[in-house]
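Okay, structure first, notes after.
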Amino acid sequence: MAIEDEIINISDIDIGTEILNSDKLLIETSNGTKMIAFKDFVVGPDNISSVRQSQIEGNVEGEADTFYNVVTGFNILNNQTTPGLNTQYDQISGTVELGKFNFNAIANLASVSADIATNGSAVDEMRVLLDNLASVLSDTSSTALNSVTLTTSACNCIVRGAFLESTNLYRRNLSFTTAELDPSTTNPHCTISLNPFKINFPEAGQGFVDGSRFMISGNLAGRGSAGRPGGGGQRYGRLAQLIIYRDKPDGSSEEIYTKTQTFGRHGPANFSLDIMAVVRIGLGESLRFTFPAGTPQSGTLDVFKIS
């Protein structure tokens, strides 16, 4: 047999599947090549330089340090915690509770996902409608815009208990004791004063159309005052007179309605004055009522928007 036929390569050796305590290991030492039983093979920290205590899982010798991050109110251990910490439940309870919190949040989100989709669809539809409305309003020649009827709240008013202003008899302004219908209930920008009686109408942009028409109706009763009922050589008689003024924002005034009742000097002293007038009111204007002749002692006035 040739020498080369006796050569055995390591790669030709059968591969084993386990090492038993009775098996032997071949080692090279400073005193020569030797065999050692596997049960006597010991790996310790002194002869394995790459193994460090920080890399060995298990109980930590000495006191361990714990460090946390707060996530949505829960304390979660972070990587600054001593490696190999033998954790207790109170140290990982934050992680457990955070997991439950996330699970519940995902479950709730899944339960409303259909509602979210429905609401999103409704919002998209609303955007289309708003875009269409904006295009119509921006086109002043649009027939659709011309078909829109502007509506405004009225400044309707009902007052009771007529009397002559007590604060300035020289001006002889008409006053009332009670507002059964305050105009601010039909337009918050419309106000009245009872003594002396005056109605203040809204300005531009306050739900009022310039040139609106109002009907004024009512009855005033009281005692007439001495005066000349007519020209010529007629004698003095009794007189009752109401004058309505329209005060404008520029400070000017215009007499828009007058109602006079006359009767002979030897006739009854009492009067009953019926009022019926239609007046046109502009933006920011006011109505003021004077009684230059006679003394009203009772009566009512109704002021209603008719167009």
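The chains in the structure tokens are called A, B, ... from first to last as shown; in each chain the residues are counted from 1, and the ligands are counted from 1 in the order shown.
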Quick one: everything within 8 Å of Thr82 of chain A, counting only C-alpha atoms, minus sequence neighbours fewer than 6 positions away in the same chain. Send it as a ChimeraX atom specification.
/A:64-66
Saved selection, atoms kept: N, CA and C atoms, as a tab-separated table (two decimals), in the first residue's frame:
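Below is the file part31.tsv, written as the result:
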chain	number	residue	atom	x	y	z
A	64	ALA	N	-29.89	47.13	40.60
A	64	ALA	CA	-30.13	47.52	39.20
A	64	ALA	C	-30.81	48.89	39.15
A	65	ASP	N	-30.55	49.60	38.07
A	65	ASP	CA	-31.14	50.93	37.87
A	65	ASP	C	-32.19	50.85	36.77
A	66	THR	N	-33.34	51.49	37.01
A	66	THR	CA	-34.42	51.53	36.00
A	66	THR	C	-34.61	52.96	35.53
Give me, as an NGL selection string, all polymer residues having an atom no more than 12 Å from Ser252 of chain A, counting only C-alpha atoms and skipping those fewer than 5 positions away in the same chain.
:A and (245-247 or 285-286)
Write out as a PyMOL selection string each polymer residue whose atoms come within 9 Å of Ser93 of chain A, counting only C-alpha atoms; drop sequence neighbours fewer than 6 positions from it.
chain A and resi 74-76
Selection to disk with C-alpha atoms, as a PDB file, in the first residue's frame:
ATOM      1  CA  PHE A  74     -47.535  55.442  30.835  1.00  0.00           C
ATOM      2  CA  ASN A  75     -44.013  54.747  32.215  1.00  0.00           C
ATOM      3  CA  ILE A  76     -42.075  52.635  29.695  1.00  0.00           C
TER       4      ILE A  76
END
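Using only C-alpha atoms, the nearest neighbour of Gly161 of chain A within the list A:Leu130, A:Ile15, A:Leu194, A:Leu239 is A:Leu194.
Our summary of the geometry notes that atom CA of Glu165 of chain A is positioned 8.5 Å from atom CA of Phe197 of chain A.
Atom pair atom CA of Met215 of chain A / atom CA of Thr262 of chain A has a distance of 24.4 Å (rounded to one decimal).
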Looking at A:Ile275, A:Ile306, A:Val71, A:Cys190, which one is nearest to Ile216 of chain A, with distances taken over only C-alpha atoms?
A:Ile275
Atom pair atom CA of Lys24 of chain A / atom CA of Val42 of chain A: separation (Å):
13.4 Å
Run DSSP on the backbone and give me the residues of segment 161-204 of chain A it puts in strand (DSSP E or B), as a VMD selection string.
chain A and resid 161 to 164 173 to 181 191 to 194 197 to 200
If you count only C-alpha atoms, the residue of A:Val279, A:Leu242, A:Ala269, A:Ile7 closest to Gly211 of chain A turns out to be A:Val279
Write out as a PyMOL selection string each polymer residue whose atoms come within 9 Å of Thr260 of chain A, counting only C-alpha atoms; drop sequence neighbours fewer than 5 positions from it.
chain A and resi 239-243+273+293
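Minimum atom-to-atom distances from A:Pro249, A:Gly94, A:Pro196, A:Gly224 to Gln261 of chain A were compared using only C-alpha atoms, and the lowest value belongs to A:Gly224.
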Restricting the calculation to only C-alpha atoms, which member of A:Asp274, A:Asp302, A:Asp90, A:Glu255 is positioned closest to Leu181 of chain A?
A:Asp302
Test item: residues at most 12 Å from segment 155-157 of chain A, only C-alpha atoms, excluding those fewer than 4 positions along its chain, as an MDAnalysis selection string
chainID A and resid 178:194 197:202 206:209 212:218 281 286:287 300:307
Written file, previous selection with N, CA and C atoms, as a compact mmCIF listing (two decimals), in the first residue's frame:
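What follows is the written file again-v5.txt:
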# COMPACT_ATOMS: atom_id res chain seq x y z
N THR A 178 -95.78 102.58 26.99
CA THR A 178 -95.52 101.15 26.85
C THR A 178 -95.27 100.77 25.40
N ALA A 179 -94.32 99.87 25.19
CA ALA A 179 -94.08 99.28 23.86
C ALA A 179 -94.58 97.84 23.91
N GLU A 180 -95.76 97.59 23.37
CA GLU A 180 -96.29 96.22 23.34
C GLU A 180 -95.52 95.36 22.36
N LEU A 181 -94.97 95.98 21.31
CA LEU A 181 -94.10 95.27 20.36
C LEU A 181 -92.87 96.13 20.12
N ASP A 182 -91.74 95.67 20.65
CA ASP A 182 -90.48 96.40 20.48
C ASP A 182 -89.92 96.05 19.10
N PRO A 183 -89.52 97.03 18.30
CA PRO A 183 -89.02 96.72 16.96
C PRO A 183 -87.74 95.88 16.96
N SER A 184 -87.02 95.88 18.09
CA SER A 184 -85.79 95.09 18.13
C SER A 184 -86.07 93.60 18.07
N THR A 185 -87.32 93.19 18.35
CA THR A 185 -87.68 91.77 18.24
C THR A 185 -87.83 91.34 16.79
N THR A 186 -88.06 92.29 15.89
CA THR A 186 -88.17 91.96 14.47
C THR A 186 -86.92 92.34 13.69
N ASN A 187 -86.08 93.22 14.27
CA ASN A 187 -84.78 93.54 13.71
C ASN A 187 -83.92 94.07 14.85
N PRO A 188 -82.87 93.37 15.24
CA PRO A 188 -82.08 93.77 16.41
C PRO A 188 -81.40 95.11 16.25
N HIS A 189 -81.33 95.65 15.02
CA HIS A 189 -80.67 96.93 14.78
C HIS A 189 -81.67 98.08 14.75
N CYS A 190 -82.94 97.81 15.02
CA CYS A 190 -83.97 98.84 15.05
C CYS A 190 -84.33 99.12 16.51
N THR A 191 -84.31 100.40 16.93
CA THR A 191 -84.55 100.75 18.32
C THR A 191 -85.59 101.87 18.41
N ILE A 192 -86.18 102.01 19.62
CA ILE A 192 -87.14 103.10 19.85
C ILE A 192 -86.82 103.79 21.17
N SER A 193 -87.30 105.02 21.26
CA SER A 193 -87.35 105.76 22.51
C SER A 193 -88.82 106.07 22.77
N LEU A 194 -89.31 105.85 23.99
CA LEU A 194 -90.72 106.09 24.31
C LEU A 194 -90.98 107.53 24.72
N PHE A 197 -91.13 109.88 21.88
CA PHE A 197 -91.25 108.73 21.00
C PHE A 197 -90.46 108.96 19.71
N LYS A 198 -89.58 107.99 19.40
CA LYS A 198 -88.75 108.07 18.19
C LYS A 198 -88.35 106.67 17.78
N ILE A 199 -88.41 106.38 16.48
CA ILE A 199 -87.99 105.09 15.94
C ILE A 199 -86.72 105.29 15.13
N ASN A 200 -85.68 104.52 15.46
CA ASN A 200 -84.40 104.59 14.74
C ASN A 200 -84.25 103.34 13.88
N PHE A 201 -84.12 103.52 12.57
CA PHE A 201 -84.07 102.40 11.63
C PHE A 201 -82.61 102.00 11.33
N PRO A 202 -82.39 100.73 10.90
CA PRO A 202 -81.03 100.22 10.71
C PRO A 202 -80.28 100.93 9.60
N GLN A 206 -77.43 95.90 7.81
CA GLN A 206 -78.08 95.47 9.05
C GLN A 206 -79.47 94.89 8.78
N GLY A 207 -79.66 94.26 7.63
CA GLY A 207 -80.91 93.58 7.34
C GLY A 207 -82.05 94.52 7.04
N PHE A 208 -81.76 95.63 6.36
CA PHE A 208 -82.81 96.60 6.06
C PHE A 208 -82.59 97.13 4.65
N VAL A 209 -83.68 97.23 3.88
CA VAL A 209 -83.60 97.70 2.50
C VAL A 209 -83.90 99.19 2.44
N SER A 212 -87.66 101.23 2.24
CA SER A 212 -88.77 100.38 2.67
C SER A 212 -89.97 101.24 3.05
N ARG A 213 -91.17 100.72 2.80
CA ARG A 213 -92.39 101.48 3.10
C ARG A 213 -93.04 100.91 4.37
N PHE A 214 -93.54 101.82 5.21
CA PHE A 214 -94.18 101.47 6.47
C PHE A 214 -95.55 102.13 6.55
N MET A 215 -96.48 101.42 7.15
CA MET A 215 -97.80 101.99 7.43
C MET A 215 -97.87 102.38 8.90
N ILE A 216 -98.33 103.61 9.16
CA ILE A 216 -98.52 104.10 10.51
C ILE A 216 -100.01 104.32 10.73
N SER A 217 -100.57 103.64 11.71
CA SER A 217 -102.00 103.77 11.98
C SER A 217 -102.22 103.84 13.47
N GLY A 218 -103.34 104.49 13.87
CA GLY A 218 -103.64 104.57 15.29
C GLY A 218 -104.66 105.66 15.57
N ILE A 281 -88.94 104.90 4.25
CA ILE A 281 -87.82 105.09 5.17
C ILE A 281 -86.52 104.64 4.51
N SER A 286 -84.72 108.15 10.94
CA SER A 286 -85.54 108.03 12.15
C SER A 286 -86.88 108.71 11.92
N LEU A 287 -87.89 108.25 12.66
CA LEU A 287 -89.21 108.91 12.66
C LEU A 287 -89.40 109.56 14.03
N THR A 300 -102.93 105.02 20.80
CA THR A 300 -102.03 103.97 20.33
C THR A 300 -101.51 104.30 18.95
N LEU A 301 -100.35 103.69 18.63
CA LEU A 301 -99.78 103.77 17.28
C LEU A 301 -99.23 102.40 16.91
N ASP A 302 -99.52 101.96 15.66
CA ASP A 302 -98.96 100.74 15.09
C ASP A 302 -98.10 101.13 13.89
N VAL A 303 -96.88 100.62 13.86
CA VAL A 303 -95.95 100.90 12.74
C VAL A 303 -95.53 99.54 12.18
N PHE A 304 -95.90 99.27 10.90
CA PHE A 304 -95.62 97.96 10.29
C PHE A 304 -95.03 98.14 8.88
N LYS A 305 -94.03 97.34 8.59
CA LYS A 305 -93.43 97.33 7.25
C LYS A 305 -94.38 96.65 6.28
N ILE A 306 -94.65 97.31 5.15
CA ILE A 306 -95.56 96.74 4.15
C ILE A 306 -94.85 96.40 2.85
N SER A 307 -93.67 96.93 2.62
CA SER A 307 -92.92 96.57 1.40
C SER A 307 -91.47 97.04 1.53
